[in-house]
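K.L.:
Can you read through this structure? Questions will come right after.
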Amino acid sequence: MWSGKAKDVLVLENEKVQINFRDSISAFDGVKKEELVDKGKTNCLTSVKLFELLNNYGFETHFISQINDTQILCEYVEILPVEVVCRNISAGSFCRRYGYEEGLVFDQPLVEFFVKDDAHHDPLITQAVAVQMKLISKMDAILMEAITRAVNEILVKVFGLISLQLVDFKLEFGRSKSGQLLLADEISLDTMRLWEKKTGEKKDKDRYRQDLGDVIVHYKNILDRLSNIKKLPDYNPISTARVIIKLKKSVLDPAGEVTFRSLSRKGYQNIDNVRLGKSAEIIFNAVPTSTIQLELEAISEKILSNPLIEDFEFKIQHHPEKSVEQQSLEE
Ligand code: TMP
Ligand code: ASP
């Protein structure tokens, strides 16, 4: 069994784990800690609700089923050493790091990566450094960002429905034995900031961090409101993938050669070489997942390109949901 600050993980047979939510709460890398009655149960049930909801919208997560009030059954995954934070409104470490006040609403959600490294207090890391240091692959980084943006869009809608503002949240990802990238860990009031829309009242772990009191009262209130949602919001996801197909370096490109000569004749002196390629844009009506990424890789290799003479690269992106007007224009 493996024990973290608030959960225990028991590895079972058949590539499954049992996660047990304890009543422990901690902040500031465990410097401040306590036991709060019903905390394990409330976080477990909130995570169950949110993972079920994300599974319903098509996300790939480690969550399989609820065992009881404090335990869930999940896929076994190797947790990636990078956490992803998405912010809609300034708060927490963002304000401390850059010196901005709390409560600034961003034009676009911001996505930040952090290294899971307690000794260095989980520092912010750029995607380039995370890839260079081989913490994650470039493909992982792109997919993690796309998934996080799509999760944000859905959670903003769901919490909006119950008069709450999603300020920010943190996601963890894991790799399953079969190689899938799955949303993992927990999604609860410990891993997000949630404010009452009307009053701005804090409903999340900041109540504990900032000694605001009644932590579990507020956690339970959110769980009740989530449980009372009768119908989940409709959501029309789109993910787009851009595939670029290029002739291999060793293959001659007569069309590129002609373009190059014509440009040289026209006086463009600084151009050294021209190689022409093709690009494709593929639009999926689904949230980004590692299954889509694998499909895309197969399509690019087997259908869009000729592997004897061409190489390809691709990038999957989440797109904000189509508005109703856009949909009716297309019909
Ligand atoms: P931050 O503002 O402290 O960087 O936190 C951003 C979000 O991430 C916030 O919703 C709380 C969550 N979070 C965790 O889930 N675990 C952590 O260890 C930290 C520091 C933040
Ligand atoms: N979860 C971290 C800790 O237990 C930090 C935090 O959430 O503030 O120390």
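Lettering and numbering for the structure tokens are positional, with chains as A, B, ... in the shown order, residues counted from 1 in each chain, and ligands counted from 1 in the shown order.
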Need the shell around region 148-155 of chain A: protein/DNA/RNA residues with any atom at most 10 Å away, counting only C-alpha atoms. Skip same-chain ones fewer than 6 positions apart. Format as a VMD selection string?
P.N.:
chain A and resid 50 53 to 54 57 59 84 to 88 109 to 111 161 165 to 172 183 232 to 235 237 to 239 286 to 288 317 to 321
K.L.:
Just the residues within 12 Å of Asn228 (chain A), please, counting only C-alpha atoms, with nothing from its chain fewer than 6 positions along; format it as a list of chain:residue names.
P.N.:
A:Lys49, A:Val158, A:Phe159, A:Leu161, A:Ile162, A:Asn221, A:Ile222
K.L.:
Store the residues picked out above in a file with C-alpha atoms, as a short mmCIF file (atom, residue, chain, number, x, y, z; two decimals), in the first residue's frame.
P.N.:
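Result file is out12.cif:
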data_model
loop_
_atom_site.label_atom_id
_atom_site.label_comp_id
_atom_site.auth_asym_id
_atom_site.auth_seq_id
_atom_site.Cartn_x
_atom_site.Cartn_y
_atom_site.Cartn_z
CA LYS A 49 -19.50 12.74 -9.07
CA VAL A 158 -21.55 22.57 -14.59
CA PHE A 159 -20.60 24.83 -11.68
CA LEU A 161 -25.49 25.83 -13.33
CA ILE A 162 -25.32 25.78 -9.51
CA ASN A 221 -22.78 22.11 0.50
CA ILE A 222 -21.03 21.82 -2.87
#
K.L.:
Which residues form the shell of 9 Å around ligand 1 when you count only C-alpha atoms and all ligand atoms, given as a VMD selection string?
P.N.:
chain A and resid 27 to 29 83 to 87 90 to 96 112 114 116 121 to 122 124 166 to 172 186 to 194 204 to 206
K.L.:
For a test of reading the model, state the distance in Å between CA of Val156 (chain A) and CA of Ile89 (chain A), rounded to one decimal.
P.N.:
11.7 Å
K.L.:
Calculate how many Å separate CA of Glu15 (chain A) from CA of Glu75 (chain A), rounding to one decimal.
P.N.:
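Here the two named atoms are 6.2 Å from each other.
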K.L.:
Among the residues of region 14-173 of chain A, find those DSSP assigns to alpha helix (DSSP H) from the backbone and print them as a PyMOL selection string.
P.N.:
chain A and resi 39-56+92-98+127-132+138-161
K.L.:
Just the strand (DSSP E) stuff from region 80-206 of chain A, please, per backbone DSSP, written as a ChimeraX atom specification.
P.N.:
/A:80-89,105-115,124-125,164-176,181-184,192-196
K.L.:
CA of Pro307 (chain A) to CA of Ala128 (chain A): how many Å, to one decimal?
P.N.:
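Spanning CA of Pro307 (chain A) to CA of Ala128 (chain A) is a straight-line distance of 28.1 Å.
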K.L.:
Let me make sure I understand: among A:Glu34, A:Thr240, A:Ser163, A:Gly277, which one has the smallest atom-to-atom distance to Ala255 (chain A) if we use only C-alpha atoms?
P.N.:
A:Gly277
K.L.:
Using only C-alpha atoms and all ligand atoms, find the one residue out of A:Asp69, A:Asp118, A:Glu52, A:Glu101 that sits nearest to ligand 2.
P.N.:
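Going through A:Asp69, A:Asp118, A:Glu52, A:Glu101 one by one, the smallest distance to ligand 2 is for A:Asp118.
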K.L.:
Hey, what's within 8 Å of region 214-217 of chain A if we count only C-alpha atoms and toss same-chain stuff fewer than 5 positions away? As an MDAnalysis selection string, please?
P.N.:
chainID A and resid 36:39 42 203:205 207:208
K.L.:
Which of these, A:Leu304, A:Leu296, A:Val129, A:Leu182, has the shortest distance to Cys74 (chain A) once you count only C-alpha atoms?
P.N.:
A:Leu182
K.L.:
Quick one: residues within 6 Å of Glu196 (chain A), only C-alpha atoms, excluding same-chain residues fewer than 4 positions away - as a PDB file with C-alpha atoms, in the first residue's frame?
P.N.:
ATOM      1  CA  LEU A 164     -20.582  28.841  -8.630  1.00  0.00           C
ATOM      2  CA  GLY A 200     -17.566  35.684  -3.938  1.00  0.00           C
ATOM      3  CA  GLU A 201     -17.562  33.496  -0.819  1.00  0.00           C
TER       4      GLU A 201
END
